[in-house]
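Trainee: Pasting run_39.pdb here (PDB, C-alpha atoms):
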ATOM      1  CA  MET U   1     -26.826  73.331 -47.328
ATOM      2  CA  ALA U   2     -25.857  76.974 -47.796
ATOM      3  CA  ASP U   3     -25.775  79.190 -44.738
ATOM      4  CA  ILE U   4     -28.702  81.517 -44.078
ATOM      5  CA  THR U   5     -27.686  85.139 -44.615
ATOM      6  CA  ILE U   6     -28.544  87.652 -41.885
ATOM      7  CA  GLY U   7     -28.068  91.333 -42.730
ATOM      8  CA  VAL U   8     -26.722  93.713 -40.086
ATOM      9  CA  VAL U   9     -27.207  97.319 -41.190
ATOM     10  CA  VAL U  10     -24.309  99.687 -40.571
ATOM     11  CA  PHE U  11     -25.231 103.355 -40.240
ATOM     12  CA  PRO U  12     -22.588 106.006 -39.663
ATOM     13  CA  GLY U  13     -22.557 105.949 -35.863
ATOM     14  CA  SER U  14     -23.588 102.328 -35.348
ATOM     15  CA  ASN U  15     -21.384 100.968 -32.568
ATOM     16  CA  CYS U  16     -22.956  97.621 -31.782
ATOM     17  CA  ASP U  17     -22.701  96.303 -35.332
ATOM     18  CA  HIS U  18     -19.622  94.178 -34.677
ATOM     19  CA  ASP U  19     -21.039  92.831 -31.401
ATOM     20  CA  THR U  20     -24.184  91.860 -33.272
ATOM     21  CA  MET U  21     -22.176  90.272 -36.088
ATOM     22  CA  HIS U  22     -20.219  88.335 -33.456
ATOM     23  CA  ALA U  23     -23.369  87.080 -31.746
ATOM     24  CA  VAL U  24     -24.992  86.096 -35.050
ATOM     25  CA  ALA U  25     -21.847  84.352 -36.331
ATOM     26  CA  SER U  26     -21.785  82.106 -33.258
ATOM     27  CA  PHE U  27     -24.825  80.240 -34.582
ATOM     28  CA  GLU U  28     -24.222  77.305 -36.863
ATOM     29  CA  GLY U  29     -25.695  77.585 -40.351
ATOM     30  CA  VAL U  30     -25.958  81.368 -40.193
ATOM     31  CA  LYS U  31     -23.789  83.892 -41.991
ATOM     32  CA  PRO U  32     -23.974  87.568 -41.012
ATOM     33  CA  VAL U  33     -23.270  90.226 -43.637
ATOM     34  CA  MET U  34     -22.850  93.937 -43.070
ATOM     35  CA  LEU U  35     -25.230  96.107 -45.066
ATOM     36  CA  TRP U  36     -23.958  99.643 -45.628
ATOM     37  CA  HIS U  37     -26.552 102.379 -45.074
ATOM     38  CA  GLY U  38     -25.901 103.915 -48.494
ATOM     39  CA  SER U  39     -26.597 100.710 -50.380
ATOM     40  CA  HIS U  40     -29.885  99.454 -51.800
ATOM     41  CA  ASP U  41     -28.766  95.833 -51.704
ATOM     42  CA  LEU U  42     -30.075  93.550 -48.948
ATOM     43  CA  GLN U  43     -27.720  90.821 -50.257
ATOM     44  CA  GLY U  44     -30.376  88.145 -50.077
ATOM     45  CA  ALA U  45     -30.663  88.419 -46.284
ATOM     46  CA  LYS U  46     -33.417  86.291 -44.765
ATOM     47  CA  ALA U  47     -33.661  88.655 -41.803
ATOM     48  CA  ILE U  48     -32.370  92.133 -41.026
ATOM     49  CA  ILE U  49     -30.966  93.421 -37.755
ATOM     50  CA  LEU U  50     -30.652  97.143 -37.036
ATOM     51  CA  PRO U  51     -27.960  97.336 -34.350
ATOM     52  CA  GLY U  52     -27.472  99.750 -31.482
ATOM     53  CA  GLY U  53     -25.448 102.930 -31.712
ATOM     54  CA  PHE U  54     -25.954 106.549 -32.606
ATOM     55  CA  SER U  55     -26.955 106.578 -36.255
ATOM     56  CA  TYR U  56     -26.021 109.878 -37.906
ATOM     57  CA  GLY U  57     -24.919 111.088 -34.477
ATOM     58  CA  ASP U  58     -28.547 111.013 -33.305
ATOM     59  CA  TYR U  59     -28.700 114.631 -34.420
ATOM     60  CA  LEU U  60     -32.225 116.039 -34.459
ATOM     61  CA  ARG U  61     -33.726 112.918 -32.780
ATOM     62  CA  ALA U  62     -32.460 109.388 -32.301
ATOM     63  CA  GLY U  63     -33.056 107.425 -35.493
ATOM     64  CA  SER U  64     -34.734 110.258 -37.381
ATOM     65  CA  ILE U  65     -32.129 110.684 -40.114
ATOM     66  CA  ALA U  66     -31.300 106.994 -40.458
ATOM     67  CA  ARG U  67     -34.848 106.217 -41.527
ATOM     68  CA  PHE U  68     -34.243 108.063 -44.798
ATOM     69  CA  SER U  69     -31.013 106.247 -45.686
ATOM     70  CA  PRO U  70     -31.129 104.226 -48.931
ATOM     71  CA  ILE U  71     -30.932 100.832 -47.217
ATOM     72  CA  MET U  72     -33.933 101.689 -45.015
ATOM     73  CA  GLN U  73     -36.122 102.175 -48.063
ATOM     74  CA  GLU U  74     -35.378  98.546 -48.934
ATOM     75  CA  VAL U  75     -35.819  97.381 -45.340
ATOM     76  CA  VAL U  76     -39.228  99.082 -45.070
ATOM     77  CA  ASP U  77     -40.368  97.528 -48.388
ATOM     78  CA  ALA U  78     -39.105  94.084 -47.429
ATOM     79  CA  ALA U  79     -40.637  94.312 -43.939
ATOM     80  CA  GLY U  80     -43.961  95.096 -45.607
ATOM     81  CA  LYS U  81     -43.614  91.823 -47.506
ATOM     82  CA  GLY U  82     -42.937  89.880 -44.312
ATOM     83  CA  LEU U  83     -39.128  89.896 -43.984
ATOM     84  CA  PRO U  84     -38.197  89.610 -40.285
ATOM     85  CA  VAL U  85     -36.596  92.790 -38.932
ATOM     86  CA  LEU U  86     -35.103  93.138 -35.454
ATOM     87  CA  GLY U  87     -34.187  96.586 -34.104
ATOM     88  CA  ILE U  88     -31.995  96.770 -31.014
ATOM     89  CA  CYS U  89     -31.757 100.056 -29.064
ATOM     90  CA  ASN U  90     -30.901 102.636 -31.732
ATOM     91  CA  GLY U  91     -32.329 100.103 -34.193
ATOM     92  CA  PHE U  92     -35.618 100.284 -32.237
ATOM     93  CA  GLN U  93     -35.484 104.079 -32.494
ATOM     94  CA  VAL U  94     -34.997 103.796 -36.269
ATOM     95  CA  LEU U  95     -37.967 101.392 -36.555
ATOM     96  CA  LEU U  96     -40.212 103.854 -34.699
ATOM     97  CA  GLU U  97     -39.058 106.810 -36.775
ATOM     98  CA  SER U  98     -39.567 104.835 -39.970
ATOM     99  CA  GLY U  99     -43.131 103.983 -39.005
ATOM    100  CA  LEU U 100     -42.521 100.215 -38.954
ATOM    101  CA  LEU U 101     -43.473 100.324 -35.273
ATOM    102  CA  ASP U 102     -45.865 102.633 -33.389
ATOM    103  CA  GLY U 103     -44.857 105.201 -30.788
ATOM    104  CA  ALA U 104     -41.740 107.184 -29.956
ATOM    105  CA  LEU U 105     -38.827 107.179 -27.531
ATOM    106  CA  SER U 106     -37.941 110.252 -25.518
ATOM    107  CA  ARG U 107     -35.255 110.930 -22.950
ATOM    108  CA  ASN U 108     -35.003 108.742 -19.876
ATOM    109  CA  ARG U 109     -37.183 109.892 -16.984
ATOM    110  CA  ASP U 110     -34.232 110.452 -14.627
ATOM    111  CA  LYS U 111     -32.165 112.437 -17.155
ATOM    112  CA  LYS U 112     -29.349 109.897 -17.164
ATOM    113  CA  PHE U 113     -27.750 107.784 -19.802
ATOM    114  CA  LEU U 114     -28.210 104.285 -18.379
ATOM    115  CA  CYS U 115     -25.746 101.482 -18.975
ATOM    116  CA  ARG U 116     -26.516  98.535 -16.707
ATOM    117  CA  ASP U 117     -28.172  95.158 -16.403
ATOM    118  CA  THR U 118     -31.946  95.098 -16.338
ATOM    119  CA  TYR U 119     -34.504  92.380 -15.812
ATOM    120  CA  ILE U 120     -37.113  91.900 -18.484
ATOM    121  CA  ARG U 121     -39.872  89.405 -19.024
ATOM    122  CA  PRO U 122     -40.973  88.029 -22.372
ATOM    123  CA  VAL U 123     -44.682  88.744 -21.979
ATOM    124  CA  ASN U 124     -45.444  87.207 -25.344
ATOM    125  CA  SER U 125     -43.536  84.046 -26.240
ATOM    126  CA  ASN U 126     -45.767  83.372 -29.206
ATOM    127  CA  THR U 127     -43.640  85.327 -31.698
ATOM    128  CA  MET U 128     -40.909  84.401 -34.156
ATOM    129  CA  PHE U 129     -38.433  86.235 -31.912
ATOM    130  CA  THR U 130     -39.411  84.749 -28.554
ATOM    131  CA  GLY U 131     -40.540  81.188 -29.262
ATOM    132  CA  LEU U 132     -37.750  79.692 -27.143
ATOM    133  CA  TYR U 133     -38.631  81.730 -24.040
ATOM    134  CA  ARG U 134     -41.210  81.002 -21.376
ATOM    135  CA  GLU U 135     -43.494  83.850 -20.386
ATOM    136  CA  ASP U 136     -42.910  83.249 -16.676
ATOM    137  CA  GLU U 137     -39.125  83.557 -16.810
ATOM    138  CA  VAL U 138     -37.086  86.627 -15.970
ATOM    139  CA  LEU U 139     -34.160  87.515 -18.231
ATOM    140  CA  SER U 140     -31.103  89.534 -17.349
ATOM    141  CA  ILE U 141     -30.220  91.712 -20.343
ATOM    142  CA  PRO U 142     -28.336  95.018 -20.256
ATOM    143  CA  ILE U 143     -29.513  98.384 -21.478
ATOM    144  CA  ALA U 144     -27.356 101.286 -22.692
ATOM    145  CA  HIS U 145     -29.390 104.295 -23.729
ATOM    146  CA  GLY U 146     -30.251 107.909 -23.045
ATOM    147  CA  GLU U 147     -33.519 107.924 -24.987
ATOM    148  CA  GLY U 148     -35.422 104.801 -24.107
ATOM    149  CA  ASN U 149     -38.533 106.232 -22.532
ATOM    150  CA  TYR U 150     -41.239 104.612 -24.647
ATOM    151  CA  PHE U 151     -44.318 106.685 -25.289
ATOM    152  CA  ALA U 152     -47.445 106.321 -27.387
ATOM    153  CA  PRO U 153     -50.906 107.860 -27.085
ATOM    154  CA  PRO U 154     -53.322 105.841 -24.882
ATOM    155  CA  GLU U 155     -55.297 104.509 -27.857
ATOM    156  CA  VAL U 156     -52.094 103.156 -29.425
ATOM    157  CA  ILE U 157     -51.048 101.493 -26.153
ATOM    158  CA  GLU U 158     -54.508  99.938 -25.856
ATOM    159  CA  SER U 159     -54.226  98.575 -29.357
ATOM    160  CA  LEU U 160     -50.709  97.207 -28.743
ATOM    161  CA  GLU U 161     -51.901  95.423 -25.597
ATOM    162  CA  GLU U 162     -55.048  94.141 -27.239
ATOM    163  CA  HIS U 163     -53.118  92.581 -30.131
ATOM    164  CA  ASP U 164     -50.357  91.121 -27.936
ATOM    165  CA  GLN U 165     -47.764  93.393 -29.536
ATOM    166  CA  VAL U 166     -46.035  94.190 -26.248
ATOM    167  CA  VAL U 167     -43.268  91.581 -26.232
ATOM    168  CA  PHE U 168     -40.961  92.575 -23.329
ATOM    169  CA  ARG U 169     -41.504  94.506 -20.100
ATOM    170  CA  TYR U 170     -38.993  95.702 -17.517
ATOM    171  CA  THR U 171     -39.490  93.884 -14.224
ATOM    172  CA  ASP U 172     -37.706  93.309 -10.956
ATOM    173  CA  ARG U 173     -35.682  90.159 -10.300
ATOM    174  CA  GLU U 174     -38.877  88.306  -9.362
ATOM    175  CA  GLY U 175     -40.632  89.297 -12.558
ATOM    176  CA  HIS U 176     -42.955  91.897 -11.069
ATOM    177  CA  VAL U 177     -43.749  94.976 -13.130
ATOM    178  CA  SER U 178     -43.331  98.084 -10.976
ATOM    179  CA  ASP U 179     -42.229 101.707 -11.199
ATOM    180  CA  GLU U 180     -39.008 100.848  -9.365
ATOM    181  CA  ALA U 181     -38.183  98.236 -12.000
ATOM    182  CA  ASN U 182     -38.758 100.714 -14.816
ATOM    183  CA  PRO U 183     -35.351 102.161 -15.730
ATOM    184  CA  ASN U 184     -36.440 104.921 -18.092
ATOM    185  CA  GLY U 185     -40.087 105.761 -17.480
ATOM    186  CA  SER U 186     -41.561 103.814 -20.378
ATOM    187  CA  VAL U 187     -45.359 103.579 -20.452
ATOM    188  CA  GLY U 188     -46.403 100.235 -18.942
ATOM    189  CA  ASN U 189     -42.724  99.265 -18.409
ATOM    190  CA  ILE U 190     -42.567  98.476 -22.128
ATOM    191  CA  ALA U 191     -39.111  97.318 -23.202
ATOM    192  CA  GLY U 192     -40.000  95.914 -26.619
ATOM    193  CA  ILE U 193     -42.901  95.793 -29.070
ATOM    194  CA  MET U 194     -43.659  94.237 -32.431
ATOM    195  CA  ASN U 195     -45.822  95.136 -35.385
ATOM    196  CA  ARG U 196     -49.266  93.656 -35.967
ATOM    197  CA  ASN U 197     -47.911  91.124 -38.472
ATOM    198  CA  GLY U 198     -45.320  89.902 -35.994
ATOM    199  CA  ASN U 199     -42.302  90.196 -38.291
ATOM    200  CA  VAL U 200     -40.837  93.444 -36.927
ATOM    201  CA  LEU U 201     -39.579  93.610 -33.330
ATOM    202  CA  GLY U 202     -37.887  96.527 -31.582
ATOM    203  CA  LEU U 203     -36.455  96.497 -28.068
ATOM    204  CA  MET U 204     -34.197  98.741 -25.990
ATOM    205  CA  PRO U 205     -32.201  96.048 -24.118
ATOM    206  CA  HIS U 206     -29.218  94.516 -25.944
ATOM    207  CA  PRO U 207     -29.584  90.749 -26.430
ATOM    208  CA  GLU U 208     -26.227  90.618 -28.251
ATOM    209  CA  ARG U 209     -24.563  91.785 -25.033
ATOM    210  CA  ALA U 210     -26.104  88.846 -23.200
ATOM    211  CA  SER U 211     -25.415  86.072 -25.646
ATOM    212  CA  GLU U 212     -22.531  84.155 -24.093
ATOM    213  CA  LYS U 213     -21.421  83.147 -20.603
ATOM    214  CA  LEU U 214     -18.331  85.312 -20.759
ATOM    215  CA  LEU U 215     -20.590  88.384 -20.893
ATOM    216  CA  GLY U 216     -22.352  87.466 -17.668
ATOM    217  CA  SER U 217     -25.639  86.353 -19.201
ATOM    218  CA  GLU U 218     -26.758  84.131 -22.053
ATOM    219  CA  ASP U 219     -30.380  85.203 -21.754
ATOM    220  CA  GLY U 220     -30.313  87.176 -25.010
ATOM    221  CA  ARG U 221     -29.111  84.233 -27.023
ATOM    222  CA  ARG U 222     -32.499  82.561 -27.382
ATOM    223  CA  LEU U 223     -33.908  85.659 -29.055
ATOM    224  CA  PHE U 224     -31.541  85.109 -31.972
ATOM    225  CA  ALA U 225     -32.026  81.337 -31.778
ATOM    226  CA  SER U 226     -35.826  81.737 -31.875
ATOM    227  CA  LEU U 227     -35.556  83.838 -35.010
ATOM    228  CA  PHE U 228     -32.962  81.762 -36.839
ATOM    229  CA  ARG U 229     -34.817  78.477 -36.403
ATOM    230  CA  GLN U 230     -37.767  80.002 -38.319
ATOM    231  CA  LEU U 231     -35.714  80.901 -41.381
TER     232      LEU U 231
ATOM    233  CA  MET V   1     -36.967 135.216 -53.838
ATOM    234  CA  ALA V   2     -35.701 133.248 -50.895
ATOM    235  CA  TYR V   3     -37.347 132.819 -47.542
ATOM    236  CA  THR V   4     -35.915 131.975 -44.179
ATOM    237  CA  ALA V   5     -38.051 129.647 -42.124
ATOM    238  CA  LYS V   6     -37.526 130.046 -38.387
ATOM    239  CA  ILE V   7     -38.811 126.794 -36.973
ATOM    240  CA  LYS V   8     -39.468 125.910 -33.338
ATOM    241  CA  VAL V   9     -39.933 122.302 -32.309
ATOM    242  CA  THR V  10     -41.193 121.639 -28.786
ATOM    243  CA  LEU V  11     -42.114 118.552 -26.826
ATOM    244  CA  ARG V  12     -45.845 118.174 -26.295
ATOM    245  CA  GLN V  13     -47.006 119.197 -22.827
ATOM    246  CA  SER V  14     -47.862 115.586 -22.001
ATOM    247  CA  ILE V  15     -44.244 114.492 -22.580
ATOM    248  CA  LEU V  16     -41.803 114.811 -19.705
ATOM    249  CA  ASP V  17     -39.118 117.329 -20.669
ATOM    250  CA  VAL V  18     -36.118 116.179 -18.633
ATOM    251  CA  GLN V  19     -33.803 118.871 -20.012
ATOM    252  CA  GLY V  20     -36.319 121.551 -19.069
ATOM    253  CA  LYS V  21     -36.670 120.027 -15.586
ATOM    254  CA  ALA V  22     -32.889 120.174 -15.039
ATOM    255  CA  VAL V  23     -32.795 123.833 -16.069
ATOM    256  CA  GLU V  24     -35.836 124.611 -13.922
ATOM    257  CA  HIS V  25     -34.134 123.111 -10.856
ATOM    258  CA  ALA V  26     -30.918 124.995 -11.583
ATOM    259  CA  LEU V  27     -32.792 128.284 -11.784
ATOM    260  CA  LEU V  28     -34.555 127.606  -8.497
ATOM    261  CA  ASN V  29     -31.199 126.702  -6.908
ATOM    262  CA  LEU V  30     -29.827 130.018  -8.135
ATOM    263  CA  GLY V  31     -32.522 131.716  -6.122
ATOM    264  CA  TYR V  32     -35.007 132.590  -8.844
ATOM    265  CA  GLY V  33     -37.985 131.516  -6.807
ATOM    266  CA  SER V  34     -40.426 133.135  -9.195
ATOM    267  CA  VAL V  35     -39.436 130.811 -12.028
ATOM    268  CA  GLY V  36     -42.279 128.359 -12.423
ATOM    269  CA  SER V  37     -41.128 126.022 -15.106
ATOM    270  CA  ALA V  38     -38.712 125.738 -17.987
ATOM    271  CA  ARG V  39     -39.094 123.780 -21.173
ATOM    272  CA  ILE V  40     -36.490 123.219 -23.837
ATOM    273  CA  GLY V  41     -37.131 122.917 -27.529
ATOM    274  CA  LYS V  42     -35.191 123.139 -30.765
ATOM    275  CA  TYR V  43     -34.740 126.100 -33.051
ATOM    276  CA  ILE V  44     -33.983 125.348 -36.684
ATOM    277  CA  GLU V  45     -33.360 127.858 -39.451
ATOM    278  CA  VAL V  46     -33.896 126.723 -43.010
ATOM    279  CA  SER V  47     -33.592 128.796 -46.164
ATOM    280  CA  ILE V  48     -36.118 127.995 -48.858
ATOM    281  CA  ASN V  49     -35.620 129.190 -52.430
ATOM    282  CA  GLU V  50     -39.169 129.750 -53.604
ATOM    283  CA  ASP V  51     -40.707 132.817 -55.214
ATOM    284  CA  ASP V  52     -44.047 132.286 -53.633
ATOM    285  CA  ALA V  53     -44.685 132.482 -49.880
ATOM    286  CA  LEU V  54     -47.416 129.847 -50.092
ATOM    287  CA  ALA V  55     -45.030 127.403 -51.756
ATOM    288  CA  ALA V  56     -42.402 128.093 -49.088
ATOM    289  CA  GLU V  57     -45.004 127.538 -46.376
ATOM    290  CA  ARG V  58     -46.102 124.253 -47.931
ATOM    291  CA  ILE V  59     -42.499 123.000 -48.046
ATOM    292  CA  CYS V  60     -41.917 124.123 -44.501
ATOM    293  CA  ASN V  61     -44.945 122.203 -43.217
ATOM    294  CA  GLU V  62     -43.832 119.172 -45.170
ATOM    295  CA  ILE V  63     -40.267 119.096 -43.812
ATOM    296  CA  CYS V  64     -41.503 119.723 -40.287
ATOM    297  CA  LEU V  65     -43.844 116.741 -40.457
ATOM    298  CA  LYS V  66     -41.456 114.490 -42.338
ATOM    299  CA  LEU V  67     -38.139 115.076 -40.586
ATOM    300  CA  LEU V  68     -37.792 118.051 -38.276
ATOM    301  CA  SER V  69     -40.412 117.023 -35.731
ATOM    302  CA  ASN V  70     -41.876 113.730 -34.589
ATOM    303  CA  PRO V  71     -45.645 114.315 -34.424
ATOM    304  CA  VAL V  72     -46.015 111.514 -31.870
ATOM    305  CA  MET V  73     -44.289 113.611 -29.218
ATOM    306  CA  GLU V  74     -43.537 117.064 -30.637
ATOM    307  CA  ASN V  75     -45.282 120.175 -31.928
ATOM    308  CA  TYR V  76     -43.802 122.657 -34.345
ATOM    309  CA  SER V  77     -44.395 126.255 -35.366
ATOM    310  CA  PHE V  78     -42.562 128.538 -37.755
ATOM    311  CA  GLU V  79     -42.255 132.042 -39.103
ATOM    312  CA  LEU V  80     -41.334 132.783 -42.686
ATOM    313  CA  GLU V  81     -39.226 135.820 -43.432
ATOM    314  CA  LYS V  82     -38.059 137.180 -46.744
ATOM    315  CA  ALA V  83     -34.333 136.584 -46.851
TER     316      ALA V  83
END
Could you render the structure as structure tokens?

Mentor:
Amino acid sequence: MADITIGVVVFPGSNCDHDTMHAVASFEGVKPVMLWHGSHDLQGAKAIILPGGFSYGDYLRAGSIARFSPIMQEVVDAAGKGLPVLGICNGFQVLLESGLLDGALSRNRDKKFLCRDTYIRPVNSNTMFTGLYREDEVLSIPIAHGEGNYFAPPEVIESLEEHDQVVFRYTDREGHVSDEANPNGSVGNIAGIMNRNGNVLGLMPHPERASEKLLGSEDGRRLFASLFRQL
Amino acid sequence: MAYTAKIKVTLRQSILDVQGKAVEHALLNLGYGSVGSARIGKYIEVSINEDDALAAERICNEICLKLLSNPVMENYSFELEKA
């Protein structure tokens, strides 16, 4: 059987594209391909990953220019037809700017760029991205961002909660949601959300940086595994 | 006729402005006790080649909403000047 193709979009400024390719390539039966931002060709990818980085230098706002790149027009169309799309960190910022997800990300509450391990909990394991997680487990997955403070108006947050679109929350080691466990000030400790249809997920933590023992944690690996087994 | 649009983009009041906070603290540390608060925004100058001020204004609103600001967390305002 032919390998399933997974597209990893490369914007000028993406710097987690190779890490993501590496993580994806470690799964049997899956072949990652790089998709250049200036192309309109999704190369038959069965899922798209927008990697972390600083697309277009993050000038103006993180992700704001990337959303207008040629490849994103195809990604937005395909996502509308149900193609799975995963946005990691800067990829999450691009998904918000492109309107595939609701809300916005502003600068971290404590003014710092944060690069460290965080604990998150999959608060919804009933998605194509989290099927292999249990909702009561606590995952160790690193973050690396300066603009990860998730914000949306109260009515949007209410709607996200009501439709189980909040997928990950920052917690402490024991899995409790608290202000102390919130690295960036995100509303409701939100670390990741999905769209109403469940095929687009964005999160600030980097699962590709926690996808093999050598990296200190394998907790991100099941996110990819959950997705790939659906394709 | 060309116009210059002088555009200001600012974070909404409800959004924490961490850059503004840092500047505010620095000013207080410098001894400017009367400084209440500081907020930081962006200033963008765009030239628009339109003969008609209304057309230039329409384009300016459009680019502000589409790219230059994020309406979820920012407000914008602008002045149009004949270039």

Trainee: Return as a VMD selection string the set of residues that the ChimeraX specification (/U :<9) & /V yields on the displayed structure.

Mentor: chain V and resid 15 to 19 21 to 22 42 67 to 70 72 to 73

Trainee: Between V:Ala2, V:Val35, V:Leu80, V:Cys60, which is the closest to Val23 of chain V once you count all atoms listed in the file?

Mentor: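 Nearest to Val23 of chain V: V:Val35.
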
Trainee: So which one's closest to Pro142 of chain U, U:Val123, U:Ala210, U:Ala78, U:Cys89? Using all atoms listed in the file, please.

Mentor: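 Distance minimum relative to Pro142 of chain U lands on U:Ala210.
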
Trainee: What does the distance between atom CA of Glu135 of chain U and atom CA of Pro122 of chain U come to in Å, to one decimal place?

Mentor: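 According to the coordinates, atom CA of Glu135 of chain U and atom CA of Pro122 of chain U are separated by 5.3 Å.
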
Trainee: Atom CA of Asp172 of chain U and atom CA of Leu214 of chain U are how many Å apart?

Mentor: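 Computing the Euclidean distance for atom CA of Asp172 of chain U and atom CA of Leu214 of chain U yields 23.1 Å.
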
Trainee: Please report the interatomic distance between atom CA of Glu79 of chain V and atom CA of Leu96 of chain U in Å with one decimal.

Mentor: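 It comes out at 28.6 Å.
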
Trainee: Can you pull out the residues contacting segment 127-129 of chain U? Cut-off 9 Å, using all atoms listed in the file, and skip same-chain residues under 2 positions away; I want them as a list in words.

Mentor: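 Answer for this query is Pro84, Leu86, Asn124, Ser125, Gly131, Leu132, Val167, Met194, Gly198, Asn199, Leu201, Arg222, Leu223, Phe224, Ala225, Ser226, Leu227, Phe228, Arg229 and Gln230 of chain U.
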
Trainee: Quick check on the file I pasted: which residues fall under the PyMOL selection byres ((chain U and resi 203) around 10)? Write them as a list in words.

Mentor: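 Answer for the PyMOL selection byres ((chain U and resi 203) around 10): Leu86, Gly87, Ile88, Cys89, Asn90, Gly91, Phe92, Gln93, Leu95, Ile143, Gly148, Val167, Phe168, Arg169, Ile190, Ala191, Gly192, Ile193, Met194, Leu201, Gly202, Met204, Pro205, His206 and Pro207 of chain U.
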